Structure formats: structure tokens, C-alpha cells
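A.B. asks: See protein_19.tsv below, with TSV, C-alpha atoms.
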chain	number	residue	atom	x	y	z
A	11	MET	CA	-103.70	-2.54	141.90
A	12	SER	CA	-106.21	-5.39	141.88
A	13	GLN	CA	-105.10	-8.97	141.26
A	14	ALA	CA	-107.38	-9.09	138.23
A	15	LEU	CA	-105.68	-6.05	136.71
A	16	GLN	CA	-102.24	-7.48	137.45
A	17	SER	CA	-103.27	-10.72	135.71
A	18	LEU	CA	-104.35	-8.72	132.67
A	19	LEU	CA	-101.05	-6.82	132.61
A	20	ASP	CA	-99.21	-10.15	132.81
A	21	LEU	CA	-101.29	-11.43	129.88
A	22	LEU	CA	-100.31	-8.39	127.81
A	23	ASP	CA	-96.61	-8.59	128.73
A	24	LEU	CA	-95.19	-10.60	125.81
A	25	GLU	CA	-92.11	-12.79	125.81
A	26	GLN	CA	-89.51	-11.86	123.19
A	27	ILE	CA	-88.21	-15.07	121.61
A	28	GLU	CA	-86.22	-13.54	118.74
A	29	GLU	CA	-85.70	-10.15	117.17
A	30	ASN	CA	-89.13	-9.01	115.91
A	31	ILE	CA	-90.80	-12.20	117.22
A	32	PHE	CA	-92.87	-12.29	120.40
A	33	ARG	CA	-95.01	-14.87	122.16
A	34	GLY	CA	-98.15	-14.27	124.15
A	35	GLN	CA	-100.33	-16.53	126.23
A	36	SER	CA	-104.10	-16.82	125.93
A	37	ARG	CA	-107.04	-17.38	128.21
A	38	SER	CA	-110.62	-18.39	127.69
A	39	ALA	CA	-113.29	-15.79	126.99
A	40	VAL	CA	-117.08	-15.64	127.08
A	41	VAL	CA	-117.14	-17.47	123.74
A	42	PRO	CA	-114.95	-20.56	123.05
A	43	ARG	CA	-112.19	-18.65	121.27
A	44	VAL	CA	-109.57	-16.06	122.14
A	45	PHE	CA	-111.10	-12.65	122.87
A	46	GLY	CA	-110.42	-10.35	119.92
A	47	GLY	CA	-109.45	-7.43	122.14
A	48	GLN	CA	-106.71	-9.57	123.66
A	49	VAL	CA	-105.15	-10.38	120.28
A	50	ALA	CA	-105.35	-6.76	119.13
A	51	ALA	CA	-103.81	-5.49	122.37
A	52	GLN	CA	-101.00	-8.06	122.32
A	53	ALA	CA	-100.24	-7.29	118.67
A	54	LEU	CA	-99.99	-3.59	119.52
A	55	VAL	CA	-97.61	-4.45	122.37
A	56	ALA	CA	-95.45	-6.41	119.92
A	57	ALA	CA	-95.39	-3.50	117.47
A	58	GLY	CA	-94.63	-0.99	120.22
A	59	ARG	CA	-91.69	-3.01	121.51
A	60	THR	CA	-89.90	-2.32	118.20
A	61	VAL	CA	-90.58	1.44	118.13
A	62	PRO	CA	-88.51	4.26	119.74
A	63	ALA	CA	-89.94	5.44	123.05
A	64	ASP	CA	-90.51	8.98	121.77
A	65	ARG	CA	-93.06	7.82	119.17
A	66	TYR	CA	-96.63	7.24	120.21
A	67	ALA	CA	-99.30	5.05	118.64
A	68	HIS	CA	-101.77	7.17	116.68
A	69	SER	CA	-103.65	4.55	114.64
A	70	LEU	CA	-104.18	0.85	114.05
A	71	HIS	CA	-106.04	-1.14	111.42
A	72	ALA	CA	-106.63	-4.85	111.90
A	73	TYR	CA	-108.36	-7.94	110.50
A	74	PHE	CA	-109.47	-10.97	112.47
A	75	LEU	CA	-108.70	-13.90	110.15
A	76	ARG	CA	-109.36	-17.08	112.15
A	77	PRO	CA	-110.71	-17.90	115.62
A	78	GLY	CA	-107.90	-18.06	118.18
A	79	ASP	CA	-107.32	-21.19	120.27
A	80	PRO	CA	-107.35	-20.16	123.97
A	81	GLY	CA	-105.37	-23.28	124.86
A	82	ALA	CA	-102.32	-22.38	122.80
A	83	PRO	CA	-99.79	-19.53	122.81
A	84	ILE	CA	-99.83	-16.92	120.02
A	85	VAL	CA	-96.69	-15.93	118.12
A	86	TYR	CA	-96.48	-12.33	116.91
A	87	ASN	CA	-94.19	-11.59	113.95
A	88	VAL	CA	-93.36	-7.90	113.53
A	89	ASP	CA	-92.40	-6.45	110.15
A	90	ARG	CA	-90.58	-3.12	110.45
A	91	ILE	CA	-92.23	-1.50	107.44
A	92	ARG	CA	-90.91	2.05	107.81
A	93	ASP	CA	-88.92	4.29	110.12
A	94	GLY	CA	-89.31	7.88	108.93
A	95	ARG	CA	-88.38	11.22	110.46
A	96	SER	CA	-91.82	11.64	112.07
A	97	PHE	CA	-93.69	8.37	111.56
A	98	THR	CA	-92.95	4.71	112.19
A	99	THR	CA	-95.06	1.93	110.67
A	100	ARG	CA	-95.25	-1.68	111.81
A	101	ARG	CA	-97.12	-4.72	110.52
A	102	VAL	CA	-97.85	-7.61	112.87
A	103	VAL	CA	-99.10	-11.10	112.02
A	104	ALA	CA	-100.38	-13.29	114.86
A	105	VAL	CA	-99.89	-17.02	114.26
A	106	GLN	CA	-101.28	-20.13	115.92
A	107	HIS	CA	-100.78	-23.73	114.79
A	108	GLY	CA	-98.84	-22.49	111.77
A	109	LYS	CA	-101.64	-20.28	110.45
A	110	PRO	CA	-102.25	-16.52	110.70
A	111	ILE	CA	-105.23	-15.64	112.91
A	112	PHE	CA	-104.87	-11.86	112.99
A	113	HIS	CA	-103.20	-9.07	111.05
A	114	LEU	CA	-102.47	-5.57	112.34
A	115	SER	CA	-100.90	-2.44	110.90
A	116	ALA	CA	-100.01	0.31	113.37
A	117	SER	CA	-98.52	3.76	112.97
A	118	PHE	CA	-96.54	5.74	115.54
A	119	GLN	CA	-95.62	9.45	115.49
A	120	THR	CA	-93.38	11.89	117.31
A	121	ASP	CA	-95.08	14.69	119.27
A	122	GLU	CA	-96.02	17.66	117.07
A	123	ASP	CA	-97.92	20.93	117.41
A	124	GLY	CA	-100.70	21.53	114.91
A	125	LEU	CA	-104.33	22.44	114.24
A	126	ASP	CA	-106.74	21.38	116.97
A	127	HIS	CA	-110.51	20.86	117.01
A	128	GLN	CA	-112.89	18.10	118.06
A	129	THR	CA	-116.51	17.00	118.17
A	130	PRO	CA	-117.97	17.98	121.56
A	131	MET	CA	-118.56	15.28	124.14
A	132	PRO	CA	-122.22	14.16	124.23
A	133	ALA	CA	-124.32	14.28	127.38
A	134	ALA	CA	-123.86	11.22	129.59
A	135	PRO	CA	-124.71	10.27	133.18
A	136	ASP	CA	-122.06	10.43	135.88
A	137	PRO	CA	-120.37	6.99	136.02
A	138	ALA	CA	-120.51	7.05	139.82
A	139	THR	CA	-124.32	6.91	139.60
A	140	LEU	CA	-124.40	3.80	137.38
A	141	PRO	CA	-124.49	0.15	138.47
A	142	THR	CA	-121.34	-1.94	138.10
A	143	SER	CA	-121.20	-4.91	135.73
A	144	GLU	CA	-121.63	-7.27	138.68
A	145	GLU	CA	-124.65	-5.40	139.99
A	146	ARG	CA	-126.31	-5.52	136.56
A	147	LEU	CA	-125.44	-9.08	135.61
A	148	ARG	CA	-126.39	-10.67	138.92
A	149	GLY	CA	-129.79	-9.02	138.65
A	150	TYR	CA	-130.78	-10.86	135.45
A	151	ASP	CA	-132.74	-14.08	135.96
A	152	HIS	CA	-132.96	-14.79	132.22
A	153	ILE	CA	-129.19	-15.24	131.71
A	154	ASP	CA	-127.59	-18.60	132.46
A	155	PRO	CA	-125.57	-18.21	135.70
A	156	VAL	CA	-122.62	-19.89	133.99
A	157	ILE	CA	-122.65	-17.14	131.33
A	158	VAL	CA	-122.91	-14.49	134.04
A	159	GLU	CA	-119.79	-15.83	135.73
A	160	LYS	CA	-117.92	-15.95	132.41
A	161	PHE	CA	-118.83	-12.33	131.71
A	162	LEU	CA	-117.72	-11.23	135.16
A	163	GLU	CA	-114.46	-13.17	134.93
A	164	ALA	CA	-113.70	-11.72	131.48
A	165	ARG	CA	-114.31	-8.16	132.73
A	166	GLU	CA	-113.00	-8.30	136.28
A	167	ALA	CA	-109.93	-6.19	135.40
A	168	VAL	CA	-112.18	-3.43	134.03
A	169	ASP	CA	-114.85	-1.34	135.74
A	170	LEU	CA	-117.40	-1.14	132.90
A	171	ARG	CA	-120.73	0.61	133.43
A	172	TYR	CA	-123.58	0.89	130.92
A	173	ALA	CA	-125.51	4.17	130.88
A	174	GLU	CA	-128.68	2.22	130.00
A	175	GLU	CA	-129.71	-1.43	129.89
A	176	PRO	CA	-127.26	-3.45	127.74
A	177	PRO	CA	-128.66	-5.55	124.86
A	178	TYR	CA	-128.69	-8.73	126.96
A	179	GLY	CA	-130.55	-6.97	129.77
A	180	LYS	CA	-133.50	-5.72	127.75
A	181	PHE	CA	-134.32	-7.21	124.36
A	182	GLY	CA	-137.22	-8.22	122.12
A	183	GLU	CA	-138.05	-4.73	120.84
A	184	PRO	CA	-135.77	-2.56	118.68
A	185	ARG	CA	-134.15	0.42	120.34
A	186	ALA	CA	-132.11	3.33	119.01
A	187	PRO	CA	-128.75	2.00	117.70
A	188	HIS	CA	-126.79	3.95	120.30
A	189	SER	CA	-125.03	2.83	123.45
A	190	GLN	CA	-122.87	4.54	126.07
A	191	VAL	CA	-120.44	2.80	128.39
A	192	TRP	CA	-118.05	4.27	130.94
A	193	PHE	CA	-114.90	2.25	131.62
A	194	ARG	CA	-111.58	2.35	133.46
A	195	THR	CA	-109.22	-0.26	134.83
A	196	ASN	CA	-110.03	-1.77	138.21
A	197	GLY	CA	-107.05	-0.16	139.90
A	198	LYS	CA	-104.50	2.58	139.31
A	199	LEU	CA	-101.45	2.11	137.15
A	200	GLY	CA	-98.07	3.21	138.42
A	201	GLY	CA	-94.38	2.47	138.55
A	202	ALA	CA	-92.45	1.09	135.61
A	203	VAL	CA	-95.58	-0.08	133.75
A	204	ASP	CA	-97.15	3.39	133.70
A	205	GLU	CA	-96.19	4.40	130.18
A	206	PRO	CA	-98.29	5.87	127.32
A	207	LEU	CA	-98.29	2.67	125.25
A	208	LEU	CA	-99.87	0.66	128.08
A	209	HIS	CA	-102.86	3.02	128.30
A	210	VAL	CA	-103.36	2.75	124.53
A	211	VAL	CA	-103.06	-1.04	124.71
A	212	LEU	CA	-105.62	-1.28	127.52
A	213	ALA	CA	-108.09	0.91	125.64
A	214	THR	CA	-107.59	-1.33	122.61
A	215	TYR	CA	-108.37	-4.36	124.77
A	216	VAL	CA	-111.60	-2.87	126.11
A	217	SER	CA	-112.71	-1.43	122.76
A	218	ASP	CA	-113.71	-4.87	121.45
A	219	MET	CA	-116.02	-5.64	124.38
A	220	THR	CA	-119.12	-3.60	123.54
A	221	LEU	CA	-118.76	-1.93	120.13
A	222	LEU	CA	-121.32	-4.11	118.34
A	223	ASP	CA	-123.95	-3.57	121.06
A	224	SER	CA	-125.56	-0.81	119.01
A	225	VAL	CA	-126.10	-3.25	116.12
A	226	LEU	CA	-127.97	-5.57	118.48
A	227	LEU	CA	-130.04	-2.74	119.95
A	228	ALA	CA	-131.33	-1.73	116.50
A	229	HIS	CA	-132.89	-5.18	116.08
A	230	GLY	CA	-133.95	-5.95	119.64
A	231	ARG	CA	-131.39	-8.72	119.98
A	232	GLY	CA	-129.79	-9.71	123.27
A	233	GLY	CA	-126.60	-11.03	121.74
A	234	TRP	CA	-124.21	-13.85	122.53
A	235	ALA	CA	-125.15	-13.80	126.24
A	236	VAL	CA	-128.67	-15.04	125.45
A	237	GLY	CA	-127.94	-16.88	122.20
A	238	ASP	CA	-130.21	-15.02	119.78
A	239	VAL	CA	-127.30	-14.09	117.49
A	240	VAL	CA	-123.92	-15.54	116.65
A	241	GLY	CA	-121.08	-13.28	115.69
A	242	ALA	CA	-117.44	-12.33	115.69
A	243	SER	CA	-115.26	-9.31	115.01
A	244	LEU	CA	-114.15	-9.03	111.39
A	245	ASP	CA	-112.01	-5.91	111.35
A	246	HIS	CA	-111.12	-3.10	113.75
A	247	ALA	CA	-109.66	0.38	113.38
A	248	MET	CA	-108.67	2.95	116.00
A	249	TRP	CA	-107.25	6.47	115.93
A	250	PHE	CA	-105.64	7.85	119.09
A	251	HIS	CA	-106.10	11.62	119.00
A	252	ARG	CA	-105.07	12.90	122.42
A	253	PRO	CA	-103.37	11.57	125.57
A	254	PHE	CA	-105.54	9.75	128.10
A	255	ARG	CA	-105.26	7.36	131.02
A	256	ALA	CA	-106.97	3.98	131.00
A	257	ASP	CA	-107.21	4.05	134.81
A	258	GLU	CA	-109.43	7.13	134.69
A	259	TRP	CA	-113.04	7.20	133.46
A	260	LEU	CA	-113.49	7.11	129.69
A	261	LEU	CA	-116.85	7.48	127.94
A	262	TYR	CA	-117.36	5.02	125.06
A	263	ASP	CA	-120.11	6.57	122.92
A	264	GLN	CA	-121.16	3.97	120.31
A	265	GLU	CA	-123.60	3.80	117.40
A	266	SER	CA	-124.38	1.63	114.38
A	267	PRO	CA	-125.08	3.27	111.03
A	268	SER	CA	-125.70	0.00	109.14
A	269	ALA	CA	-126.25	-3.75	109.24
A	270	HIS	CA	-126.60	-5.84	106.07
A	271	GLY	CA	-125.54	-9.16	104.62
A	272	GLY	CA	-124.77	-10.78	107.96
A	273	ARG	CA	-122.47	-7.92	108.93
A	274	GLY	CA	-122.99	-5.01	111.30
A	275	LEU	CA	-120.95	-1.80	111.58
A	276	GLY	CA	-120.20	-0.10	114.87
A	277	GLN	CA	-118.51	3.26	115.23
A	278	ALA	CA	-117.63	5.15	118.37
A	279	ARG	CA	-115.80	7.98	120.04
A	280	ILE	CA	-114.04	7.70	123.38
A	281	TYR	CA	-113.83	10.81	125.58
A	282	THR	CA	-112.00	11.59	128.80
A	283	GLN	CA	-114.24	12.60	131.69
A	284	ASP	CA	-113.29	16.27	131.18
A	285	GLY	CA	-114.54	16.14	127.57
A	286	GLN	CA	-111.39	15.56	125.51
A	287	LEU	CA	-111.89	13.38	122.42
A	288	ALA	CA	-109.24	10.72	122.94
A	289	ILE	CA	-110.03	7.93	120.45
A	290	SER	CA	-112.18	7.13	117.42
A	291	VAL	CA	-113.11	3.49	116.74
A	292	ILE	CA	-114.77	1.61	113.88
A	293	GLN	CA	-115.46	-2.12	113.70
A	294	GLU	CA	-117.39	-4.41	111.39
A	295	GLY	CA	-118.58	-7.67	112.83
A	296	LEU	CA	-120.28	-10.84	111.74
A	297	VAL	CA	-123.83	-10.77	113.15
A	298	ARG	CA	-126.02	-13.72	112.17
A	299	VAL	CA	-129.38	-14.89	113.43
A	300	PRO	CA	-129.27	-18.64	114.26
A	301	ARG	CA	-131.44	-20.80	112.02
Spell out the structure here as C-alpha cells.

C.D. replies:
Amino acid sequence: MSQALQSLLDLLDLEQIEENIFRGQSRSAVVPRVFGGQVAAQALVAAGRTVPADRYAHSLHAYFLRPGDPGAPIVYNVDRIRDGRSFTTRRVVAVQHGKPIFHLSASFQTDEDGLDHQTPMPAAPDPATLPTSEERLRGYDHIDPVIVEKFLEAREAVDLRYAEEPPYGKFGEPRAPHSQVWFRTNGKLGGAVDEPLLHVVLATYVSDMTLLDSVLLAHGRGGWAVGDVVGASLDHAMWFHRPFRADEWLLYDQESPSAHGGRGLGQARIYTQDGQLAISVIQEGLVRVPR
């Protein structure tokens, strides 16, 4: 396991300070606030710590309320909404400086047999043939080297590979509002940490990295890396359909059906490399053009 991945696991390993109350640390991101994927992942960890081990996360719905302060810890308060025969529901409020910054509802379910179908996996290039994030980012002369280093530091625990040029790599002309990214952790997971919830938590963390790319592509914008838009995640929803491993390649197939009123919508499906639909994701984000 890489040191970067171990550092990420440490970041996601919350301290329990009271029954139903957990504390997590923060770290700086590409933008001067806590990375939304970190807060969502930590909140899911907090919820999962109060759920029986035989119940697995199958959905989450969340709102980003205020920017997080990367210099301060985050307290996660868990409300045990319901414990049913098959489903368990938890609500989590993340608090900093006495104010809520994030709200999450998550549902967990026991294993069941049932009907089974899925949308087929779309065509995508082999991830082994694609450049790494470092290879792409270090090849761009138009991006401030400081920003490049921030991007690489923020993603060093994840091997993330774009199928085509990302918004910040090629911009100025609109493209189809569709983006594909392969990702997996930079290192294998094993031992005591290798449990189903951790893989779901890590996918939640990564899911906030690129989902609004397709909004930017539709308008020929390069995004926060080049400063031609400002934005933030507003809400986030995920459905976990089938088992998967975050340390094996996952295809993040993303598109944007709409942007209006300073908001852009991204929706996506995440597939295992053998074609199983593992996760569905939807997020609306603030996307504004600087005046």
C-alpha cells in the first residue's frame, strides 16, 4: 500500500468522541476549502460505524451547506433514524465552528436475492493504455505549476485516468457533455481495513472529483484549474447496486443533461472492469462564469 493511500485511510478513520458523535480531521484541497468528497466519505464512515456489520450501504443523499475550513476538525453527529428488519437509516450532520456544513442521509440493507438487470457498460479504452494524472498534468504549459502540484497532491492516493482530454487540458470550444474516467486506489487494500464499507467510502470520495467535468465540456470551459469558472458541489446522491472493489479499475461514465441558472447537473454510472454496473451518481453543482 502506498503512503498516499495510507494517509487517505487515516484521514477517513474517524475518532469516536461519544456515542453517535465522531470527529474527523481535514486537509487542504485544490480550492481553499475542504474537498466535498472528503466530507461525504467521512460522513458515510460515521453512519456506517453505527450500523450492524451485515447491512451494506445501498444509497446516500447529501447537501453541501457551507464551505468547510481545512484548518479545523469536523464533528459528525449521527441520528439513528430507523433500524428495521431489512433496512437501516442514518442521518449525519457535519459541524464546524458551531454551524452545520454538510448533511447526509444514508440507507443500509441486508443481503437479499431479487430481480436483476442493468444498463450495459459503454465502450471505453483500456485504462492501461491511458496516461496517468501526472503524465497529463505535467504536460500542460498553460496551467500554473502551483495548481498542477495541488492537483497531484489531492489525487496521489488515486490512480485516475481520463479517456480523453479533461476540461482543463483542452478548452475554448464546446465539446459533447460526456466524460469517461477510470480510477482505482494507488495500492491494494488488505487486512483488517478490507471491508465492504471502505470500498463504498473510497468510491464516494472519488465520485466528487470529476462529476461536473461534463458540464464544463458542454461550454468549452477549463474549470477551476484555469480559472474560467467558479463553482462548488451543491448536492450529491449515490446508489450502490452491486459489490465492487475500489482497488480495482472502475469506469466512471459521466454526462450532463442540463445547466441553467448558475447550476449544472452531472449524472454518471460506475462500472467494474468486467462490465458490472456498480454505482449510479447524480450531483448538482454551482457553476458560475467570473465577471

A.B. asks: So, with all atoms listed in the file as the atoms that count, which of A:Gly81, A:Thr195, A:Gly179, A:Leu21 lies closest to A:Asp151?

C.D. replies: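 Closest residue, counting all atoms listed in the file: A:Gly179.
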
A.B. asks: Atom CA of A:Ala138 to atom CA of A:Val291: how many Å, to one decimal?

C.D. replies: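 That distance, rounded to one decimal, is 24.5 Å.
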
A.B. asks: So that I can see what lies close to A:Leu170, please list as a VMD selection string the residues with an atom at most 7 Å from it, counting only C-alpha atoms and leaving out residues fewer than 6 positions away in the same chain.

C.D. replies: chain A and resid 142 to 143 191 to 194

A.B. asks: Please write the residues from the selection above to a file, keeping C-alpha atoms, as a compact mmCIF listing (two decimals), in the coordinates of the input.

C.D. replies:
# COMPACT_ATOMS: atom_id res chain seq x y z
CA THR A 142 -121.34 -1.94 138.10
CA SER A 143 -121.20 -4.91 135.73
CA VAL A 191 -120.44 2.80 128.39
CA TRP A 192 -118.05 4.27 130.94
CA PHE A 193 -114.90 2.25 131.62
CA ARG A 194 -111.58 2.35 133.46

A.B. asks: Could you jot down the atom CA of A:Glu183 to atom CA of A:Glu144 separation for me, Å, one decimal place?

C.D. replies: 24.4 Å

A.B. asks: Could you give me, as a ChimeraX atom specification, the residues that sit within 10 Å of (-88.5, -5.8, 120.5) in the file's coordinates, counting only C-alpha atoms?

C.D. replies: /A:24-32,55-61,88

A.B. asks: Pick the closest to A:Phe181 from A:Arg65, A:Arg273, A:His229, A:His246: which is it, counting only C-alpha atoms?

C.D. replies: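 Distance minimum relative to A:Phe181 lands on A:His229.
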
A.B. asks: Skipping near chain neighbours, those fewer than 2 positions away, what residues fall within 10 Å of A:Ile157 using all atoms listed in the file, listed as a PyMOL selection string?

C.D. replies: chain A and resi 40-41+147+153-155+159-163+234-236

A.B. asks: Can you tell me which residues surround A:Thr99 at a distance of at most 9 Å, considering all atoms listed in the file, apart from same-chain residues fewer than 2 positions away, and format the answer as a ChimeraX atom specification?

C.D. replies: /A:57,61,89-94,97,101,115-119

A.B. asks: So how many Å separate atom CA of A:Leu114 and atom CA of A:Leu221, to one decimal?

C.D. replies: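 If I compute the distance from atom CA of A:Leu114 to atom CA of A:Leu221, I get 18.4 Å.
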
A.B. asks: With distances taken over only C-alpha atoms, which residue among A:Ser36, A:Gln52, A:Asn196, A:Ser266 lies nearest A:Met11?

C.D. replies: A:Asn196

A.B. asks: I want to know what sits within 12 Å of A:Gly108, based on all atoms listed in the file, with residues of the same chain fewer than 6 positions away left out; could you give that as a PDB file with C-alpha atoms, in the frame of the given file?

C.D. replies:
ATOM      1  CA  ARG A  76    -109.360 -17.080 112.150  1.00  0.00           C
ATOM      2  CA  GLY A  78    -107.900 -18.060 118.180  1.00  0.00           C
ATOM      3  CA  ALA A  82    -102.320 -22.380 122.800  1.00  0.00           C
ATOM      4  CA  PRO A  83     -99.790 -19.530 122.810  1.00  0.00           C
ATOM      5  CA  ILE A  84     -99.830 -16.920 120.020  1.00  0.00           C
ATOM      6  CA  VAL A  85     -96.690 -15.930 118.120  1.00  0.00           C
ATOM      7  CA  TYR A  86     -96.480 -12.330 116.910  1.00  0.00           C
TER       8      TYR A  86
END

A.B. asks: Closest to A:His71 among A:Leu15, A:Val158, A:Ala51, A:Ala186, using all atoms listed in the file?

C.D. replies: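 Among the listed residues, the smallest separation from A:His71 belongs to A:Ala51.
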
A.B. asks: When distances are computed from all atoms listed in the file, which of A:Glu166, A:Asp223, A:Asp238, A:Asp121 shows the smallest separation from A:Pro253?

C.D. replies: A:Asp121

A.B. asks: Near A:Ile292, within 7 Å and counting only C-alpha atoms, which residues show up once chain neighbours fewer than 3 positions away are dropped, as a ChimeraX atom specification?

C.D. replies: /A:246-248,276-278

A.B. asks: Closest to A:Ala242 among A:Tyr172, A:Tyr281, A:Tyr178, A:Phe45, using all atoms listed in the file?

C.D. replies: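 Closest to A:Ala242, using all atoms listed in the file: A:Phe45.
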